[in-house]
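**Q** Sharing final.json (JSON, C-alpha atoms) below.
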```json
[["chain", "number", "residue", "atom", "x", "y", "z"],
["Y", 1, "MET", "CA", 15.59, 35.28, 27.39],
["Y", 2, "ASN", "CA", 13.82, 36.28, 30.64],
["Y", 3, "TRP", "CA", 14.84, 34.98, 34.06],
["Y", 4, "LEU", "CA", 12.15, 32.29, 34.03],
["Y", 5, "GLY", "CA", 13.59, 31.01, 30.81],
["Y", 6, "LYS", "CA", 17.10, 30.87, 32.24],
["Y", 7, "LEU", "CA", 15.76, 28.73, 35.05],
["Y", 8, "GLY", "CA", 14.02, 26.45, 32.59],
["Y", 9, "LEU", "CA", 10.66, 27.75, 33.69],
["Y", 10, "GLY", "CA", 9.80, 29.67, 30.56],
["Y", 11, "PHE", "CA", 6.72, 28.70, 28.56],
["Y", 12, "GLY", "CA", 7.80, 29.60, 25.04],
["Y", 13, "ASN", "CA", 9.61, 26.38, 24.19],
["Y", 14, "LYS", "CA", 7.09, 24.24, 26.02],
["Y", 15, "ALA", "CA", 4.23, 25.83, 24.14],
["Y", 16, "SER", "CA", 6.07, 25.15, 20.90],
["Y", 17, "GLU", "CA", 6.59, 21.51, 21.89],
["Y", 18, "ILE", "CA", 2.91, 21.10, 22.78],
["Y", 19, "SER", "CA", 1.88, 22.69, 19.50],
["Y", 20, "SER", "CA", 4.21, 20.32, 17.63],
["Y", 21, "MET", "CA", 2.80, 17.34, 19.52],
["Y", 22, "ASP", "CA", -0.76, 18.41, 18.76],
["Y", 23, "SER", "CA", 0.12, 18.82, 15.09],
["Y", 24, "SER", "CA", 1.77, 15.39, 15.01],
["Y", 25, "SER", "CA", -1.24, 13.83, 16.74],
["Y", 26, "SER", "CA", -3.59, 15.47, 14.27],
["Y", 27, "SER", "CA", -1.49, 14.29, 11.34],
["Y", 28, "SER", "CA", -1.48, 10.73, 12.67],
["Y", 29, "SER", "CA", -5.24, 10.81, 13.24],
["Y", 30, "ILE", "CA", -5.86, 11.83, 9.64],
["Y", 31, "ALA", "CA", -3.43, 9.30, 8.22],
["Y", 32, "GLN", "CA", -4.91, 6.48, 10.30],
["Y", 33, "GLY", "CA", -8.46, 7.33, 9.26],
["Y", 34, "PRO", "CA", -10.42, 5.20, 6.77],
["Y", 35, "ASP", "CA", -10.08, 5.53, 3.01],
["Y", 36, "GLU", "CA", -13.06, 7.75, 2.28],
["Y", 37, "ASP", "CA", -12.54, 7.93, -1.48],
["Y", 38, "ILE", "CA", -15.45, 6.55, -3.47],
["Y", 39, "PRO", "CA", -15.09, 4.11, -6.38],
["Y", 40, "ALA", "CA", -16.97, 4.62, -9.63],
["Y", 41, "PRO", "CA", -20.64, 3.52, -9.66],
["Y", 42, "GLY", "CA", -20.95, -0.26, -9.62],
["Y", 43, "GLN", "CA", -17.27, -0.68, -8.75],
["Y", 44, "GLU", "CA", -15.42, -1.66, -5.58],
["Y", 45, "PHE", "CA", -12.00, -0.94, -4.12],
["Y", 46, "ALA", "CA", -9.36, -3.39, -2.92],
["Y", 47, "GLN", "CA", -5.94, -2.52, -1.52],
["Y", 48, "PHE", "CA", -2.78, -4.61, -1.39],
["Y", 49, "GLY", "CA", 0.85, -4.26, -0.35],
["Y", 50, "ALA", "CA", 3.24, -6.79, -1.87],
["Y", 51, "GLY", "CA", 6.63, -5.18, -2.21],
["Y", 52, "CYS", "CA", 7.62, -2.51, -4.73],
["Y", 53, "PHE", "CA", 4.33, -1.24, -6.09],
["Y", 54, "TRP", "CA", 5.48, -0.89, -9.71],
["Y", 55, "GLY", "CA", 5.33, -4.59, -10.59],
["Y", 56, "VAL", "CA", 2.33, -5.25, -8.36],
["Y", 57, "GLU", "CA", 0.33, -2.56, -10.13],
["Y", 58, "LEU", "CA", 1.11, -3.96, -13.57],
["Y", 59, "ALA", "CA", 0.02, -7.42, -12.47],
["Y", 60, "PHE", "CA", -3.35, -6.07, -11.35],
["Y", 61, "GLN", "CA", -3.72, -3.93, -14.46],
["Y", 62, "ARG", "CA", -3.75, -7.14, -16.47],
["Y", 63, "VAL", "CA", -6.57, -8.76, -14.50],
["Y", 64, "PRO", "CA", -9.87, -8.84, -16.42],
["Y", 65, "GLY", "CA", -12.50, -6.83, -14.56],
["Y", 66, "VAL", "CA", -9.99, -4.42, -13.02],
["Y", 67, "THR", "CA", -10.98, -0.96, -14.24],
["Y", 68, "LYS", "CA", -8.40, 1.25, -12.55],
["Y", 69, "THR", "CA", -5.22, 0.99, -10.51],
["Y", 70, "GLU", "CA", -3.29, 3.56, -8.51],
["Y", 71, "VAL", "CA", -0.14, 3.24, -6.44],
["Y", 72, "GLY", "CA", 0.28, 5.05, -3.17],
["Y", 73, "TYR", "CA", 1.04, 5.00, 0.51],
["Y", 74, "SER", "CA", -1.15, 3.83, 3.38],
["Y", 75, "GLN", "CA", -1.13, 2.47, 6.94],
["Y", 76, "GLY", "CA", 1.33, 5.12, 8.17],
["Y", 77, "PHE", "CA", 1.22, 7.96, 10.67],
["Y", 78, "LEU", "CA", 2.19, 10.94, 8.51],
["Y", 79, "HIS", "CA", -0.34, 13.06, 6.62],
["Y", 80, "ASN", "CA", 0.54, 13.68, 2.95],
["Y", 81, "PRO", "CA", 3.76, 11.67, 2.91],
["Y", 82, "THR", "CA", 6.23, 11.83, 0.04],
["Y", 83, "TYR", "CA", 8.21, 8.94, -1.40],
["Y", 84, "ASN", "CA", 11.29, 10.26, 0.39],
["Y", 85, "ASP", "CA", 9.33, 10.29, 3.66],
["Y", 86, "ILE", "CA", 8.27, 6.68, 3.47],
["Y", 87, "CYS", "CA", 11.74, 5.53, 2.42],
["Y", 88, "THR", "CA", 13.11, 6.69, 5.77],
["Y", 89, "GLY", "CA", 11.26, 3.81, 7.41],
["Y", 90, "THR", "CA", 9.95, 6.11, 10.13],
["Y", 91, "THR", "CA", 6.39, 6.74, 8.92],
["Y", 92, "ASN", "CA", 5.15, 3.11, 8.91],
["Y", 93, "HIS", "CA", 3.62, 3.51, 5.45],
["Y", 94, "SER", "CA", 3.32, 0.58, 3.09],
["Y", 95, "GLU", "CA", 3.65, 0.84, -0.67],
["Y", 96, "VAL", "CA", 0.19, -0.21, -1.81],
["Y", 97, "VAL", "CA", -1.83, -0.63, -4.95],
["Y", 98, "ARG", "CA", -5.45, 0.44, -4.82],
["Y", 99, "VAL", "CA", -7.47, -1.58, -7.27],
["Y", 100, "GLN", "CA", -10.87, -0.58, -8.59],
["Y", 101, "PHE", "CA", -12.74, -3.56, -9.98],
["Y", 102, "ASP", "CA", -16.12, -4.57, -11.35],
["Y", 103, "PRO", "CA", -17.42, -7.35, -9.07],
["Y", 104, "LYS", "CA", -19.59, -8.63, -11.93],
["Y", 105, "GLU", "CA", -16.48, -9.38, -13.96],
["Y", 106, "CYS", "CA", -13.84, -9.98, -11.30],
["Y", 107, "SER", "CA", -14.31, -11.54, -7.90],
["Y", 108, "TYR", "CA", -12.35, -10.42, -4.87],
["Y", 109, "ASP", "CA", -10.99, -13.96, -4.65],
["Y", 110, "ASN", "CA", -9.44, -13.49, -8.10],
["Y", 111, "LEU", "CA", -7.61, -10.45, -6.80],
["Y", 112, "LEU", "CA", -6.43, -12.39, -3.76],
["Y", 113, "ASP", "CA", -5.07, -15.12, -6.04],
["Y", 114, "MET", "CA", -3.08, -12.51, -7.96],
["Y", 115, "PHE", "CA", -1.84, -11.01, -4.70],
["Y", 116, "TRP", "CA", -0.43, -14.31, -3.44],
["Y", 117, "SER", "CA", 1.13, -15.13, -6.79],
["Y", 118, "ARG", "CA", 3.00, -11.83, -7.05],
["Y", 119, "HIS", "CA", 5.22, -12.02, -3.97],
["Y", 120, "ASN", "CA", 6.66, -14.06, -1.13],
["Y", 121, "PRO", "CA", 4.35, -13.57, 1.88],
["Y", 122, "THR", "CA", 6.76, -15.28, 4.27],
["Y", 123, "THR", "CA", 9.53, -12.65, 4.23],
["Y", 124, "LEU", "CA", 9.08, -9.89, 6.78],
["Y", 125, "ASN", "CA", 9.49, -6.36, 5.41],
["Y", 126, "ARG", "CA", 11.26, -7.68, 2.36],
["Y", 127, "GLN", "CA", 10.71, -8.72, -1.24],
["Y", 128, "GLY", "CA", 13.89, -9.84, -2.93],
["Y", 129, "ASN", "CA", 16.44, -7.06, -2.73],
["Y", 130, "ASP", "CA", 13.86, -4.54, -1.55],
["Y", 131, "VAL", "CA", 14.13, -4.25, 2.21],
["Y", 132, "GLY", "CA", 12.13, -1.99, 4.50],
["Y", 133, "THR", "CA", 8.79, -1.67, 6.21],
["Y", 134, "GLN", "CA", 7.24, -0.14, 3.10],
["Y", 135, "TYR", "CA", 7.70, -3.47, 1.31],
["Y", 136, "ARG", "CA", 5.72, -5.54, 3.80],
["Y", 137, "SER", "CA", 2.97, -7.90, 2.75],
["Y", 138, "GLY", "CA", -0.54, -6.71, 3.50],
["Y", 139, "ILE", "CA", -4.19, -7.06, 2.57],
["Y", 140, "TYR", "CA", -6.20, -3.99, 3.50],
["Y", 141, "PHE", "CA", -9.92, -4.64, 3.44],
["Y", 142, "TYR", "CA", -12.85, -2.30, 2.83],
["Y", 143, "THR", "CA", -15.71, -4.51, 3.98],
["Y", 144, "PRO", "CA", -16.34, -7.38, 6.42],
["Y", 145, "GLU", "CA", -16.80, -9.62, 3.38],
["Y", 146, "GLN", "CA", -13.34, -8.74, 2.11],
["Y", 147, "GLU", "CA", -11.83, -9.37, 5.52],
["Y", 148, "LYS", "CA", -13.46, -12.81, 5.74],
["Y", 149, "ALA", "CA", -12.30, -13.73, 2.25],
["Y", 150, "ALA", "CA", -8.77, -12.51, 2.99],
["Y", 151, "ARG", "CA", -8.44, -14.53, 6.20],
["Y", 152, "GLU", "CA", -9.82, -17.67, 4.57],
["Y", 153, "SER", "CA", -7.47, -17.18, 1.65],
["Y", 154, "LEU", "CA", -4.50, -16.83, 4.00],
["Y", 155, "GLU", "CA", -5.43, -20.07, 5.73],
["Y", 156, "ARG", "CA", -5.50, -21.87, 2.38],
["Y", 157, "GLN", "CA", -2.13, -20.43, 1.41],
["Y", 158, "GLN", "CA", -0.56, -21.40, 4.72],
["Y", 159, "LYS", "CA", -1.45, -25.03, 4.10],
["Y", 160, "ILE", "CA", 0.66, -25.11, 0.94],
["Y", 161, "LEU", "CA", 3.66, -23.18, 2.24],
["Y", 162, "ASP", "CA", 6.34, -24.55, 4.55],
["Y", 163, "ARG", "CA", 7.13, -21.19, 6.17],
["Y", 164, "LYS", "CA", 4.89, -18.96, 8.25],
["Y", 165, "ILE", "CA", 3.02, -16.28, 6.34],
["Y", 166, "VAL", "CA", 3.64, -12.79, 7.77],
["Y", 167, "THR", "CA", 1.00, -10.96, 5.73],
["Y", 168, "GLU", "CA", -0.95, -8.42, 7.76],
["Y", 169, "ILE", "CA", -4.71, -8.14, 7.27],
["Y", 170, "LEU", "CA", -6.02, -4.76, 8.37],
["Y", 171, "PRO", "CA", -8.78, -2.26, 7.52],
["Y", 172, "ALA", "CA", -7.97, -0.04, 4.54],
["Y", 173, "LYS", "CA", -6.79, 3.35, 5.77],
["Y", 174, "LYS", "CA", -6.39, 6.70, 4.08],
["Y", 175, "PHE", "CA", -4.83, 6.29, 0.66],
["Y", 176, "TYR", "CA", -2.21, 8.81, -0.39],
["Y", 177, "ARG", "CA", -1.69, 8.71, -4.14],
["Y", 178, "ALA", "CA", 2.00, 8.46, -4.96],
["Y", 179, "GLU", "CA", 3.82, 10.96, -7.13],
["Y", 180, "GLU", "CA", 2.77, 10.91, -10.78],
["Y", 181, "TYR", "CA", 5.98, 9.33, -12.05],
["Y", 182, "HIS", "CA", 5.18, 6.23, -9.99],
["Y", 183, "GLN", "CA", 1.75, 5.75, -11.59],
["Y", 184, "GLN", "CA", 1.70, 2.98, -14.25],
["Y", 185, "TYR", "CA", 5.49, 3.18, -14.08],
["Y", 186, "LEU", "CA", 6.21, -0.02, -15.99],
["Y", 187, "ALA", "CA", 3.45, 0.50, -18.55],
["Y", 188, "LYS", "CA", 5.00, 3.90, -19.35],
["Y", 189, "GLY", "CA", 8.45, 2.40, -19.89],
["Y", 190, "GLY", "CA", 10.05, 2.10, -16.49],
["Y", 191, "ARG", "CA", 13.70, 2.86, -15.92],
["Y", 192, "PHE", "CA", 14.91, 1.86, -19.38],
["Y", 193, "GLY", "CA", 12.01, 2.96, -21.57],
["Y", 194, "PHE", "CA", 10.70, -0.53, -22.34],
["Y", 195, "LYS", "CA", 6.92, -0.33, -22.12],
["Y", 196, "GLN", "CA", 5.29, -3.45, -20.68],
["Y", 197, "SER", "CA", 1.86, -4.62, -21.75],
["Y", 198, "THR", "CA", -1.24, -3.94, -19.66],
["Y", 199, "GLU", "CA", -3.42, -6.06, -21.94],
["Y", 200, "LYS", "CA", -5.99, -8.06, -20.00],
["Y", 201, "GLY", "CA", -4.86, -11.63, -19.50],
["Y", 202, "CYS", "CA", -1.31, -10.89, -20.64],
["Y", 203, "ASN", "CA", 1.19, -13.38, -19.21],
["Y", 204, "ASP", "CA", 4.41, -11.69, -20.30],
["Y", 205, "PRO", "CA", 7.02, -11.75, -17.52],
["Y", 206, "ILE", "CA", 7.01, -8.55, -15.49],
["Y", 207, "ARG", "CA", 10.37, -6.82, -15.28],
["Y", 208, "CYS", "CA", 9.96, -5.18, -11.91],
["Y", 209, "TYR", "CA", 12.24, -2.23, -12.62],
["Y", 210, "GLY", "CA", 11.55, -1.87, -16.31]]
```
Can you turn what I pasted into structure tokens?

**A**
Amino acid sequence: MNWLGKLGLGFGNKASEISSMDSSSSSSSIAQGPDEDIPAPGQEFAQFGAGCFWGVELAFQRVPGVTKTEVGYSQGFLHNPTYNDICTGTTNHSEVVRVQFDPKECSYDNLLDMFWSRHNPTTLNRQGNDVGTQYRSGIYFYTPEQEKAARESLERQQKILDRKIVTEILPAKKFYRAEEYHQQYLAKGGRFGFKQSTEKGCNDPIRCYG
């Protein structure tokens, strides 16, 4: 180390810190950007967080008019997060399901009804035994029309619940597709190898961990 470094006046470490800060800022900027993926022609996207995404995805898979579902991470500050990253609770990501649907066969309101029915929107950062910021309740909208419908839907739900709803309603941000083993986890057999039906309109109870 040179004499400037010994006096704390060197520039090597500082430059490294600045570079790291710039990288972190860039990563956050990307992660907080909009979801720029494009749905199939004639289709629309919707995005929801309602606890562990395995059971939530299966519920949406069963909705008539839903043509595709994917589980992933969104609303955080880290670019290309892994499951281990988001489980630390330091990245602010939410476990979300991105739903592609045909608006001619399934209204956004139908999806909102499924969202409310699948979880408890009054527990902050928690669904049952799953605790952490990634399990928070959220509706992430793609259009002003979706935002309006979401807020009106929340108001209706609040009138029938005796505890305050803590669901966040925010613009959909960059969607990071989760690792492949998470995709359609329960339909593929889950933890114990018992495949659960994705048939449209199926009302079989969903075993959240398979």

**Q** Atom CA of Y:Leu112 and atom CA of Y:Ser74 are how many Å apart?

**A**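 Spanning atom CA of Y:Leu112 to atom CA of Y:Ser74 is a straight-line distance of 18.5 Å.
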
**Q** Which polymer residues have any atom within 10 Å of an atom of Y:Phe77, counting all atoms listed in the file, with same-chain residues fewer than 6 positions away left out, as a PyMOL selection string?

**A** chain Y and resi 24-33+90-93

**Q** Could you tell me how far atom CA of Y:Pro39 lies from atom CA of Y:Val71, in Å and to one decimal?

**A**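 That distance, rounded to one decimal, is 15.0 Å.
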
**Q** Around the point (-0.2, -7.6, 8.2) (coordinates from the file), which residues reach within 8 Å if we count only C-alpha atoms? Answer as a list of chain:residue names.

**A**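 I get Y:Arg136, Y:Ser137, Y:Gly138, Y:Ile139, Y:Val166, Y:Thr167, Y:Glu168, Y:Ile169, Y:Leu170 for the residues within 8 Å of that point.
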
**Q** Put those residues in a file: C-alpha atoms, as a PDB file, keeping the file's coordinate frame.

**A**
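Written output follows (out.pdb):
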```pdb
ATOM      1  CA  ARG Y 136       5.720  -5.540   3.800  1.00  0.00           C
ATOM      2  CA  SER Y 137       2.970  -7.900   2.750  1.00  0.00           C
ATOM      3  CA  GLY Y 138      -0.540  -6.710   3.500  1.00  0.00           C
ATOM      4  CA  ILE Y 139      -4.190  -7.060   2.570  1.00  0.00           C
ATOM      5  CA  VAL Y 166       3.640 -12.790   7.770  1.00  0.00           C
ATOM      6  CA  THR Y 167       1.000 -10.960   5.730  1.00  0.00           C
ATOM      7  CA  GLU Y 168      -0.950  -8.420   7.760  1.00  0.00           C
ATOM      8  CA  ILE Y 169      -4.710  -8.140   7.270  1.00  0.00           C
ATOM      9  CA  LEU Y 170      -6.020  -4.760   8.370  1.00  0.00           C
TER      10      LEU Y 170
END
```

**Q** What residues have an atom no more than 12 Å from (-21.7, 2.8, -10.3) in the file's own frame, counting all atoms listed in the file, and can you write them as a ChimeraX atom specification?

**A** /Y:38-44,100-104

**Q** Around all of stretch 121-126 of chain Y's listed atoms, make the axis-aligned box with 4 Å on each side and tell me centre and edge lengths in Å to one decimal, as lines of an AutoDock Vina configuration file.

**A**
```
center_x = 7.8
center_y = -10.8
center_z = 4.3
size_x = 14.9
size_y = 16.9
size_z = 12.9
```

**Q** Give me the residues within 6 Å of stretch 205-210 of chain Y as a list in words, counting all atoms listed in the file and dropping any in the same chain fewer than 3 places off.

**A**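 Near neighbours after the sequence-gap exclusion: Gly55, Leu186, Gly190, Arg191 and Phe192 of chain Y.
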
**Q** May I ask for the distance between atom CA of Y:Tyr135 and atom CA of Y:Gln157, given in Å to one decimal place?

**A**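 Taking atom CA of Y:Tyr135 as the start and atom CA of Y:Gln157 as the end point, the length is 19.6 Å.
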
**Q** For stretch 176-181 of chain Y, please output as a PDB file with C-alpha atoms, in the coordinates of the input all residues within 9 Å (counting all atoms listed in the file; exclusion window: fewer than 3 positions along the same chain).

**A**
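The new file selection-v9.pdb reads:
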```pdb
ATOM      1  CA  ALA Y  31      -3.430   9.300   8.220  1.00  0.00           C
ATOM      2  CA  GLU Y  70      -3.290   3.560  -8.510  1.00  0.00           C
ATOM      3  CA  VAL Y  71      -0.140   3.240  -6.440  1.00  0.00           C
ATOM      4  CA  GLY Y  72       0.280   5.050  -3.170  1.00  0.00           C
ATOM      5  CA  TYR Y  73       1.040   5.000   0.510  1.00  0.00           C
ATOM      6  CA  SER Y  74      -1.150   3.830   3.380  1.00  0.00           C
ATOM      7  CA  HIS Y  79      -0.340  13.060   6.620  1.00  0.00           C
ATOM      8  CA  ASN Y  80       0.540  13.680   2.950  1.00  0.00           C
ATOM      9  CA  PRO Y  81       3.760  11.670   2.910  1.00  0.00           C
ATOM     10  CA  THR Y  82       6.230  11.830   0.040  1.00  0.00           C
ATOM     11  CA  TYR Y  83       8.210   8.940  -1.400  1.00  0.00           C
ATOM     12  CA  GLU Y  95       3.650   0.840  -0.670  1.00  0.00           C
ATOM     13  CA  GLN Y 184       1.700   2.980 -14.250  1.00  0.00           C
ATOM     14  CA  TYR Y 185       5.490   3.180 -14.080  1.00  0.00           C
TER      15      TYR Y 185
END
```

**Q** Identify which of the residues Y:Val63, Y:Ile86, Y:Leu124, Y:Val131 lies closest to Y:Glu105, counting only C-alpha atoms when measuring atom-to-atom distances.

**A**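 Ranked by minimum distance to Y:Glu105, first place goes to Y:Val63.
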
**Q** Given only C-alpha atoms as the basis, pick out the residue of Y:Ser197, Y:Thr69, Y:Thr88, Y:Asn203 nearest to Y:Thr133.

**A**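 With only C-alpha atoms as the atom set, the closest residue is Y:Thr88.
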
**Q** Using all atoms listed in the file, which of Y:Asn125, Y:Gln158, Y:Gln47, Y:Thr143 sits nearest Y:Leu111?

**A**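 Going through Y:Asn125, Y:Gln158, Y:Gln47, Y:Thr143 one by one, the smallest distance to Y:Leu111 is for Y:Gln47.
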
**Q** Between Y:Lys200, Y:Lys148, Y:His119, Y:Arg156, which residue has the minimum interatomic distance to Y:Phe53, considering all atoms listed in the file?

**A**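 Answer, going by the shortest atom-to-atom distance: Y:His119.
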
**Q** Rank Y:Gly51, Y:Asp37, Y:Glu57, Y:Ala150 by their smallest atom-to-atom distance to Y:Gln196, using all atoms listed in the file, and report the top residue only.

**A**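 Residue with the minimum atom-to-atom distance to Y:Gln196: Y:Glu57.
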
**Q** Of the candidates Y:Gln61, Y:Asn129, Y:Ser153, Y:Gln134, which shows the shortest atom-to-atom distance to Y:Cys87, using all atoms listed in the file?

**A**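 Answer, going by the shortest atom-to-atom distance: Y:Gln134.
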